[in-house]
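S.K.: Contents of final-v3.txt (compact mmCIF, C-alpha atoms):
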# COMPACT_ATOMS: atom_id res chain seq x y z
CA MET C 1 93.36 100.44 132.01
CA PRO C 2 95.41 97.51 130.56
CA VAL C 3 92.43 95.14 130.26
CA GLU C 4 90.89 97.45 127.64
CA GLU C 5 93.72 96.56 125.26
CA PHE C 6 92.83 92.87 125.51
CA VAL C 7 89.10 93.52 124.92
CA ALA C 8 89.85 95.69 121.88
CA GLY C 9 92.15 92.95 120.57
CA TRP C 10 89.37 90.38 120.91
CA ILE C 11 86.92 92.55 118.93
CA SER C 12 89.41 93.26 116.16
CA GLY C 13 90.49 89.61 115.94
CA ALA C 14 86.94 88.27 115.65
CA LEU C 15 86.09 90.70 112.85
CA GLY C 16 89.31 89.94 110.98
CA LEU C 17 88.73 86.19 111.23
CA VAL C 18 85.22 86.28 109.79
CA LEU C 19 86.33 88.48 106.88
CA GLY C 20 89.48 86.53 106.08
CA HIS C 21 88.73 82.85 106.68
CA PRO C 22 87.46 81.99 103.15
CA PHE C 23 90.68 83.43 101.67
CA ASP C 24 92.72 81.56 104.29
CA THR C 25 91.13 78.24 103.29
CA VAL C 26 92.08 78.79 99.64
CA LYS C 27 95.60 79.84 100.67
CA VAL C 28 96.17 76.75 102.82
CA ARG C 29 95.00 74.41 100.05
CA LEU C 30 97.25 76.09 97.48
CA GLN C 31 100.23 75.73 99.82
CA THR C 32 99.66 72.08 100.77
CA GLN C 33 98.04 70.50 97.70
CA THR C 34 99.15 70.27 94.08
CA THR C 35 95.74 69.64 92.49
CA TYR C 36 94.99 73.30 91.76
CA TRP C 37 96.24 75.47 88.90
CA GLY C 38 95.81 78.69 90.85
CA ILE C 39 93.52 80.79 93.05
CA VAL C 40 90.52 80.81 90.71
CA ASP C 41 90.75 77.06 90.04
CA CYS C 42 90.94 76.35 93.78
CA MET C 43 87.94 78.56 94.51
CA ALA C 44 85.89 77.05 91.69
CA LYS C 45 86.62 73.45 92.70
CA THR C 46 85.98 74.15 96.36
CA TYR C 47 82.61 75.71 95.58
CA ARG C 48 81.67 72.98 93.09
CA HIS C 49 82.46 70.07 95.42
CA GLU C 50 81.76 71.55 98.84
CA SER C 51 79.47 74.59 98.30
CA LEU C 52 80.06 77.86 100.17
CA LEU C 53 80.49 75.91 103.39
CA GLY C 54 83.78 74.56 102.07
CA PHE C 55 85.36 78.00 102.42
CA PHE C 56 84.52 78.12 106.13
CA LYS C 57 85.95 74.74 107.11
CA GLY C 58 87.97 74.92 110.29
CA MET C 59 86.55 78.28 111.37
CA GLY C 60 84.75 76.96 114.45
CA PHE C 61 87.86 76.44 116.53
CA PRO C 62 89.49 79.81 115.66
CA ILE C 63 86.21 81.59 116.50
CA SER C 64 86.21 79.98 119.93
CA SER C 65 89.88 80.80 120.49
CA ILE C 66 90.06 84.28 118.98
CA ALA C 67 89.32 85.89 122.35
CA VAL C 68 92.59 84.44 123.63
CA VAL C 69 94.80 84.65 120.55
CA SER C 70 94.01 88.15 119.26
CA SER C 71 93.69 89.73 122.67
CA VAL C 72 97.10 88.27 123.56
CA LEU C 73 98.72 89.87 120.49
CA PHE C 74 97.23 93.33 120.89
CA GLY C 75 97.15 93.22 124.67
CA VAL C 76 100.80 92.20 125.03
CA TYR C 77 101.82 94.68 122.30
CA SER C 78 100.10 97.61 124.00
CA ASN C 79 101.22 96.70 127.49
CA ALA C 80 104.81 96.04 126.35
CA LEU C 81 104.78 99.47 124.73
CA LEU C 82 103.41 100.92 127.96
CA ALA C 83 106.23 99.29 129.92
CA LEU C 84 108.86 100.56 127.47
CA THR C 85 107.56 104.12 127.13
CA ALA C 86 105.36 104.76 130.22
CA ALA C 87 102.71 106.21 127.86
CA SER C 88 99.17 104.76 127.73
CA HIS C 89 97.38 104.07 124.45
CA GLN C 90 95.39 107.31 124.79
CA GLU C 91 98.65 109.26 125.26
CA ARG C 92 100.63 107.38 122.61
CA TRP C 93 99.98 109.78 119.73
CA ALA C 94 101.04 112.75 121.86
CA GLN C 95 104.16 110.96 123.13
CA LEU C 96 105.34 108.97 120.13
CA PRO C 97 107.35 105.83 120.96
CA SER C 98 110.51 105.02 119.04
CA TYR C 99 110.25 102.52 116.19
CA THR C 100 112.63 100.25 118.11
CA HIS C 101 110.16 100.10 121.00
CA VAL C 102 107.28 99.44 118.59
CA PHE C 103 109.25 96.61 116.97
CA ILE C 104 110.18 95.02 120.30
CA ALA C 105 106.58 95.24 121.56
CA GLY C 106 105.27 93.71 118.31
CA CYS C 107 107.71 90.80 118.55
CA ALA C 108 106.79 90.23 122.19
CA GLY C 109 103.14 89.96 121.22
CA GLY C 110 104.07 87.66 118.33
CA VAL C 111 105.96 85.18 120.50
CA LEU C 112 103.13 84.78 123.00
CA GLN C 113 100.49 84.73 120.27
CA ALA C 114 102.31 81.90 118.44
CA TYR C 115 102.44 79.85 121.65
CA CYS C 116 98.68 80.30 122.24
CA LEU C 117 97.76 79.90 118.57
CA ALA C 118 99.71 76.74 117.67
CA PRO C 119 97.15 74.02 118.63
CA PHE C 120 94.19 75.98 117.19
CA ASP C 121 96.06 76.72 113.96
CA LEU C 122 97.05 73.06 113.56
CA ILE C 123 93.43 71.89 113.83
CA LYS C 124 92.27 74.64 111.47
CA VAL C 125 94.77 73.56 108.81
CA TRP C 126 93.78 69.88 109.10
CA LEU C 127 90.08 70.69 108.76
CA GLN C 128 90.69 73.07 105.86
CA ASN C 129 92.46 70.28 103.98
CA GLN C 130 89.44 67.99 104.23
CA THR C 131 87.94 68.28 100.77
CA GLU C 132 85.08 65.80 101.24
CA PRO C 133 81.66 67.46 100.88
CA LYS C 134 79.95 67.29 104.25
CA GLY C 135 76.75 65.28 104.43
CA LYS C 136 76.55 64.48 100.72
CA SER C 137 75.18 61.00 99.98
CA GLY C 138 77.56 58.63 98.22
CA SER C 139 80.67 60.58 99.18
CA PRO C 140 83.21 59.27 101.72
CA PRO C 141 82.79 60.72 105.20
CA PRO C 142 85.39 63.25 106.32
CA GLN C 143 88.18 61.91 108.51
CA TYR C 144 87.32 64.36 111.28
CA ARG C 145 83.76 65.21 112.34
CA GLY C 146 84.77 68.58 113.72
CA PRO C 147 87.47 70.48 115.66
CA VAL C 148 86.99 68.58 118.94
CA HIS C 149 87.16 65.19 117.19
CA CYS C 150 90.24 66.35 115.26
CA ALA C 151 91.99 67.55 118.43
CA ALA C 152 91.12 64.34 120.30
CA SER C 153 92.37 62.17 117.41
CA ILE C 154 95.71 63.98 117.21
CA PHE C 155 96.13 63.86 120.99
CA GLN C 156 95.34 60.15 121.07
CA ALA C 157 97.75 59.33 118.23
CA GLU C 158 100.66 61.60 119.15
CA GLY C 159 100.11 62.97 122.63
CA PRO C 160 100.33 66.64 123.63
CA ARG C 161 103.37 67.15 121.39
CA GLY C 162 101.25 66.44 118.33
CA LEU C 163 99.07 69.49 118.98
CA PHE C 164 102.14 71.72 118.70
CA ARG C 165 103.35 70.29 115.39
CA GLY C 166 104.61 73.19 113.25
CA ALA C 167 104.77 75.55 116.24
CA TRP C 168 108.43 76.41 115.57
CA ALA C 169 107.61 77.42 111.98
CA LEU C 170 104.67 79.46 113.28
CA THR C 171 106.89 81.26 115.78
CA LEU C 172 109.54 82.05 113.16
CA ARG C 173 106.81 83.22 110.75
CA ASP C 174 105.41 85.67 113.27
CA ASN C 175 108.80 87.04 114.38
CA PRO C 176 110.05 89.45 113.21
CA THR C 177 106.99 89.75 110.95
CA LEU C 178 104.72 91.18 113.64
CA GLY C 179 107.40 93.65 114.63
CA ILE C 180 107.48 94.85 111.00
CA TYR C 181 103.67 94.83 110.96
CA PHE C 182 103.32 97.27 113.86
CA VAL C 183 106.25 99.45 112.74
CA THR C 184 104.70 99.83 109.26
CA TYR C 185 101.33 100.73 110.77
CA GLU C 186 102.90 103.24 113.15
CA TRP C 187 105.03 104.85 110.43
CA LEU C 188 102.12 105.30 108.01
CA CYS C 189 99.85 106.72 110.71
CA ARG C 190 102.50 109.31 111.59
CA GLN C 191 102.94 110.37 107.95
CA PHE C 192 99.28 111.33 107.60
CA THR C 193 98.42 112.54 111.11
CA PRO C 194 99.17 116.02 112.50
CA ASP C 195 101.44 116.02 115.56
CA GLY C 196 99.67 115.33 118.83
CA GLN C 197 96.42 114.13 117.22
CA ASN C 198 94.88 110.68 116.91
CA PRO C 199 94.88 109.23 113.36
CA SER C 200 91.62 109.50 111.45
CA SER C 201 89.54 106.44 110.56
CA GLY C 202 90.69 106.71 106.95
CA THR C 203 94.34 106.81 108.01
CA VAL C 204 93.88 103.79 110.28
CA LEU C 205 92.23 101.83 107.45
CA VAL C 206 94.99 102.60 104.91
CA ALA C 207 97.83 102.13 107.41
CA GLY C 208 96.37 98.90 108.79
CA GLY C 209 95.77 97.42 105.34
CA SER C 210 99.21 98.42 104.07
CA ALA C 211 100.86 96.99 107.20
CA GLY C 212 99.06 93.71 106.59
CA VAL C 213 100.29 93.45 103.01
CA THR C 214 103.87 94.37 103.99
CA SER C 215 103.98 91.81 106.77
CA TRP C 216 102.73 89.00 104.53
CA VAL C 217 105.53 89.62 102.02
CA THR C 218 108.02 88.71 104.75
CA ALA C 219 105.85 85.99 106.33
CA THR C 220 104.82 83.99 103.25
CA PRO C 221 107.95 81.78 102.85
CA LEU C 222 107.53 80.35 106.36
CA ASP C 223 103.76 80.43 105.99
CA VAL C 224 104.22 77.91 103.16
CA ILE C 225 106.40 75.65 105.30
CA LYS C 226 104.17 75.86 108.39
CA PRO C 227 101.15 73.90 107.03
CA ARG C 228 103.46 71.33 105.44
CA MET C 229 105.01 70.69 108.83
CA GLN C 230 101.55 70.59 110.39
CA MET C 231 100.18 68.12 107.84
CA ALA C 232 103.16 65.77 108.23
CA GLY C 233 102.55 63.47 111.22
CA LEU C 234 105.38 63.13 113.71
CA ARG C 235 105.30 59.35 113.48
CA GLN C 236 105.33 59.41 109.67
CA ARG C 237 108.59 61.40 109.72
CA VAL C 238 107.85 63.02 106.36
CA HIS C 239 110.31 65.79 107.27
CA ARG C 240 113.22 65.59 109.71
CA GLY C 241 112.67 69.18 110.73
CA LEU C 242 112.02 72.72 109.54
CA LEU C 243 115.20 73.03 107.46
CA ASP C 244 114.65 69.62 105.84
CA CYS C 245 111.11 70.65 104.87
CA MET C 246 112.39 73.87 103.29
CA VAL C 247 115.15 72.11 101.33
CA SER C 248 112.94 69.27 100.09
CA SER C 249 110.18 71.72 99.07
CA ALA C 250 112.67 73.82 97.08
CA ARG C 251 114.14 70.74 95.36
CA ARG C 252 110.74 69.41 94.30
CA GLU C 253 109.00 72.66 93.35
CA GLY C 254 111.70 75.30 92.91
CA LEU C 255 112.28 78.50 94.89
CA GLY C 256 108.95 79.89 93.73
CA VAL C 257 107.23 77.54 96.17
CA PHE C 258 108.14 79.88 99.03
CA PHE C 259 105.87 82.57 97.62
CA ARG C 260 102.91 80.33 96.89
CA GLY C 261 99.82 82.01 98.28
CA LEU C 262 101.40 85.49 98.40
CA GLY C 263 98.79 86.90 96.01
CA ILE C 264 95.80 85.72 98.01
CA ASN C 265 97.55 86.57 101.29
CA SER C 266 97.97 90.16 100.07
CA ALA C 267 94.42 90.37 98.71
CA ARG C 268 93.08 89.13 102.03
CA ALA C 269 95.45 91.16 104.20
CA PHE C 270 94.45 94.65 103.14
CA PRO C 271 90.70 94.59 103.96
CA VAL C 272 91.11 92.26 106.94
CA LYS C 273 93.94 94.18 108.62
CA ALA C 274 92.30 97.53 107.81
CA ALA C 275 89.14 96.39 109.62
CA THR C 276 91.21 94.79 112.40
CA PHE C 277 93.09 97.98 113.26
CA LEU C 278 90.01 100.18 112.98
CA SER C 279 88.02 97.94 115.32
CA TYR C 280 91.03 97.90 117.69
CA GLU C 281 91.65 101.65 117.74
CA TYR C 282 88.04 102.84 117.85
CA PRO C 283 87.00 101.49 121.28
CA LEU C 284 90.29 102.68 122.80
CA HIS C 285 89.96 106.20 121.34
CA SER C 286 86.35 106.39 122.50
CA GLN C 287 87.65 105.82 126.06
CA GLY C 288 90.07 108.69 125.81
Take the structure in the file and give it back as structure tokens.
M.R.:
Amino acid sequence: MPVEEFVAGWISGALGLVLGHPFDTVKVRLQTQTTYWGIVDCMAKTYRHESLLGFFKGMGFPISSIAVVSSVLFGVYSNALLALTAASHQERWAQLPSYTHVFIAGCAGGVLQAYCLAPFDLIKVWLQNQTEPKGKSGSPPPQYRGPVHCAASIFQAEGPRGLFRGAWALTLRDNPTLGIYFVTYEWLCRQFTPDGQNPSSGTVLVAGGSAGVTSWVTATPLDVIKPRMQMAGLRQRVHRGLLDCMVSSARREGLGVFFRGLGINSARAFPVKAATFLSYEYPLHSQG
């Protein structure tokens, strides 16, 4: 039943978010701020000034939206694959789809996910870049009191368009990356699974984690540009567009800037995507 794909996507997305958000906060700060020497320095300063809570800034809104965003990705992917191959998820390992179909289905899920994700991701990035310790006496209050206040402030200042700032970079980041993501997962599962059988839990964990790392290698350059576009207000006109942001970033910081955060993205991706795929596949296999 198609709705099962969306429910499984919600479960896997929620688990992946909780596991990966602290790493995501460090990654976003490394990509948008120049006050840190590296991953360890960023983590140490965040903990020193903001305690453990600093690593979970901006998580409230993604938690509330993960039911939509993750279920859209996995639900659209599975149902697109069903439309292309006429094989349900339970039958998929007996009737293997072509890698072209897997790639197309992954990209379809990526396009719709990016559209749903854009406003939530924008607010997450803004809150993650607030480095003021919350509730500490003598320190300046944070600009935004929470995700709702942040969303309302952006909407008031820039209108609906402001909530989709950086959406084009997000869409280009996720496509063809998510197509590569699902193809890598599918290919690895097939290498270690006998014909006609479902992949084991160990295979799903290794394939899911490896797919996550592979996809981030291709996604990181635009993942660097995305938060810079999001942090630059439309009325401030810091960048004239996506290409201008890429060129100006390369001129100021060299070509290496496009791979800033790749290390922590990869370190985060393996355990998070391993758990994501396992929690996605398990409830669907248990239905079969």
S.K.: Which residues are close to Gln191 in chain C, i.e. within 10 Å by all atoms listed in the file, leaving aside same-chain residues fewer than 6 positions away? Reply as a list of chain:residue names.
M.R.: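 Residues near the query, excluding close chain neighbours: C:Pro199, C:Thr203, C:Ala207.
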S.K.: May I have the residues within 7 Å of range 93-110 of chain C as a ChimeraX atom specification, using only C-alpha atoms and disregarding those fewer than 6 positions away in the same chain?
M.R.: /C:72-74,76-77,80-81,84-85,87,174-176,178-180,182-183,196-198
S.K.: Listing only residues of range 160-232 of chain C within 10 Å of range 256-259 of chain C, what is the closest atom pair and its distance in Å (to one decimal) for each, using all atoms listed in the file, sorted by chain and residue number ascending, as CSV?
M.R.:
residue,atom,partner,partner_atom,distance
C:Trp216,CA,C:Phe259,CA,9.9
C:Val217,CA,C:Phe259,CA,8.3
C:Thr218,CA,C:Phe259,CA,9.7
C:Ala219,CA,C:Phe259,CA,9.4
C:Thr220,CA,C:Phe259,CA,5.9
C:Pro221,CA,C:Phe258,CA,4.3
C:Leu222,CA,C:Phe258,CA,7.4
C:Asp223,CA,C:Phe258,CA,8.2
C:Val224,CA,C:Phe258,CA,6.0
C:Ile225,CA,C:Phe258,CA,7.8
S.K.: Within 12 Å of (99.4, 78.9, 113.6) (coordinates as in the file), grab all the protein and nucleic acid residues, counting all atoms listed in the file, and write them out as an MDAnalysis selection string.
M.R.: chainID C and resid 24 28 62 65 69 110:126 163:174 222:230
S.K.: Pick out the residues sitting within 12 Å of Pro271 in chain C, and hand them over as a list in words; count only C-alpha atoms, and ignore anything fewer than 4 positions along from it in its own chain.
M.R.: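 So, after excluding close chain neighbours, the residues are Leu15, Gly16, Leu17, Val18, Leu19, Gly20, Phe23, Val204, Leu205, Val206, Ala207, Gly208, Gly209, Ser210, Ala211, Gly212, Val213, Ile264, Asn265, Ser266, Ala267, Ala275, Thr276, Phe277 and Leu278 of chain C.
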S.K.: So the first atom is CA of Arg161 in chain C and the second is CA of Ser71 in chain C; what is the distance between them in Å, to one decimal place?
M.R.: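 CA of Arg161 in chain C sits 24.6 Å away from CA of Ser71 in chain C.
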S.K.: For the atom pair CA of Ser78 in chain C and CA of Glu186 in chain C, what is the interatomic distance in Å to one decimal place?
M.R.: 12.5 Å
S.K.: If I take CA of His239 in chain C and CA of Ile154 in chain C, how far is one from the other in Å, to one decimal?
M.R.: 17.8 Å
S.K.: Please list as a list in words every residue within 10 Å of range 38-41 of chain C, counting all atoms listed in the file and excluding residues in the same chain fewer than 5 positions away.
M.R.: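 Everything that qualifies: Phe23, Val26, Lys27, Arg29, Leu30, Thr46, Tyr47, Arg260, Gly261, Gly263 and Ile264 of chain C.
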S.K.: List the neighbours of range 53-55 of chain C out to 9 Å using only C-alpha atoms; skip same-chain residues closer than 2 positions along the sequence, and give me the result as a list of chain:residue names.
M.R.: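 My list of contacting residues is C:His21, C:Pro22, C:Phe23, C:Asp24, C:Thr25, C:Val26, C:Met43, C:Thr46, C:Tyr47, C:His49, C:Glu50, C:Ser51, C:Lys57, C:Gly58, C:Gln128, C:Gln130, C:Thr131, C:Glu132, C:Pro133, C:Lys134.
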S.K.: Using only C-alpha atoms, can you tell me which of C:Thr214, C:Ala250, C:Gly202, C:Leu52 comes closest to Cys189 in chain C?
M.R.: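 Under the stated criterion, the closest residue is C:Gly202.
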S.K.: Considering all atoms listed in the file, can you say which of C:Ser200, C:Gly241, C:Ser215, C:Gly159 comes closest to Tyr282 in chain C?
M.R.: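 Checking each of C:Ser200, C:Gly241, C:Ser215, C:Gly159 against Tyr282 in chain C, counting all atoms listed in the file, the winner is C:Ser200.
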S.K.: Can you patch up range 247-258 of chain C, filling it in to all heavy atoms, and show the result as a CSV table (one decimal), in the frame of the given file?
M.R.:
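Output below, filename out.csv:
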chain,number,residue,atom,x,y,z
C,247,VAL,N,114.3,72.6,102.4
C,247,VAL,CA,115.2,72.1,101.3
C,247,VAL,C,114.4,71.2,100.4
C,247,VAL,O,114.5,71.3,99.2
C,247,VAL,CB,116.4,71.4,101.9
C,247,VAL,CG1,117.2,70.7,100.9
C,247,VAL,CG2,117.3,72.4,102.7
C,248,SER,N,113.7,70.2,100.9
C,248,SER,CA,112.9,69.3,100.1
C,248,SER,C,111.9,70.0,99.3
C,248,SER,O,111.6,69.6,98.1
C,248,SER,CB,112.3,68.2,100.9
C,248,SER,OG,111.4,68.7,101.9
C,249,SER,N,111.2,71.0,99.8
C,249,SER,CA,110.2,71.7,99.1
C,249,SER,C,110.8,72.5,97.9
C,249,SER,O,110.3,72.5,96.8
C,249,SER,CB,109.5,72.7,100.0
C,249,SER,OG,108.7,72.0,101.0
C,250,ALA,N,112.0,73.1,98.1
C,250,ALA,CA,112.7,73.8,97.1
C,250,ALA,C,113.2,72.9,96.0
C,250,ALA,O,113.1,73.2,94.8
C,250,ALA,CB,113.8,74.6,97.7
C,251,ARG,N,113.7,71.7,96.4
C,251,ARG,CA,114.1,70.7,95.4
C,251,ARG,C,113.0,70.2,94.5
C,251,ARG,O,113.2,70.1,93.3
C,251,ARG,CB,114.8,69.6,96.1
C,251,ARG,CG,116.2,69.9,96.6
C,251,ARG,CD,116.8,68.7,97.4
C,251,ARG,NE,118.1,68.9,97.8
C,251,ARG,CZ,118.8,68.2,98.7
C,251,ARG,NH1,118.1,67.1,99.2
C,251,ARG,NH2,120.0,68.5,99.1
C,252,ARG,N,111.9,70.0,95.1
C,252,ARG,CA,110.7,69.4,94.3
C,252,ARG,C,110.0,70.5,93.5
C,252,ARG,O,109.6,70.2,92.3
C,252,ARG,CB,109.7,68.8,95.3
C,252,ARG,CG,110.2,67.5,95.9
C,252,ARG,CD,109.0,66.7,96.5
C,252,ARG,NE,108.2,67.6,97.4
C,252,ARG,CZ,108.4,67.7,98.7
C,252,ARG,NH1,109.4,67.0,99.2
C,252,ARG,NH2,107.7,68.6,99.4
C,253,GLU,N,109.9,71.7,94.0
C,253,GLU,CA,109.0,72.7,93.4
C,253,GLU,C,109.7,74.0,93.0
C,253,GLU,O,109.0,74.9,92.5
C,253,GLU,CB,107.8,72.9,94.3
C,253,GLU,CG,107.0,71.7,94.7
C,253,GLU,CD,106.1,71.9,95.8
C,253,GLU,OE1,105.2,72.7,95.7
C,253,GLU,OE2,106.4,71.3,96.9
C,254,GLY,N,111.0,74.1,93.2
C,254,GLY,CA,111.7,75.3,92.9
C,254,GLY,C,111.5,76.4,94.0
C,254,GLY,O,110.7,76.3,94.9
C,255,LEU,N,112.3,77.4,93.9
C,255,LEU,CA,112.3,78.5,94.9
C,255,LEU,C,111.0,79.3,94.9
C,255,LEU,O,110.6,79.9,95.9
C,255,LEU,CB,113.4,79.5,94.7
C,255,LEU,CG,114.8,78.9,94.9
C,255,LEU,CD1,115.9,80.0,94.6
C,255,LEU,CD2,115.0,78.5,96.3
C,256,GLY,N,110.2,79.2,93.8
C,256,GLY,CA,109.0,79.9,93.7
C,256,GLY,C,107.9,79.4,94.7
C,256,GLY,O,107.0,80.0,95.1
C,257,VAL,N,108.2,78.1,95.2
C,257,VAL,CA,107.2,77.5,96.2
C,257,VAL,C,107.1,78.4,97.4
C,257,VAL,O,106.0,78.4,98.1
C,257,VAL,CB,107.7,76.1,96.5
C,257,VAL,CG1,109.0,76.1,97.4
C,257,VAL,CG2,106.6,75.4,97.3
C,258,PHE,N,108.2,79.1,97.8
C,258,PHE,CA,108.1,79.9,99.0
C,258,PHE,C,107.3,81.1,99.0
C,258,PHE,O,107.0,81.8,100.0
C,258,PHE,CB,109.6,80.3,99.4
C,258,PHE,CG,110.4,79.1,99.8
C,258,PHE,CD1,111.5,78.8,99.0
C,258,PHE,CD2,110.1,78.3,100.9
C,258,PHE,CE1,112.3,77.7,99.3
C,258,PHE,CE2,110.9,77.2,101.2
C,258,PHE,CZ,112.0,76.9,100.4
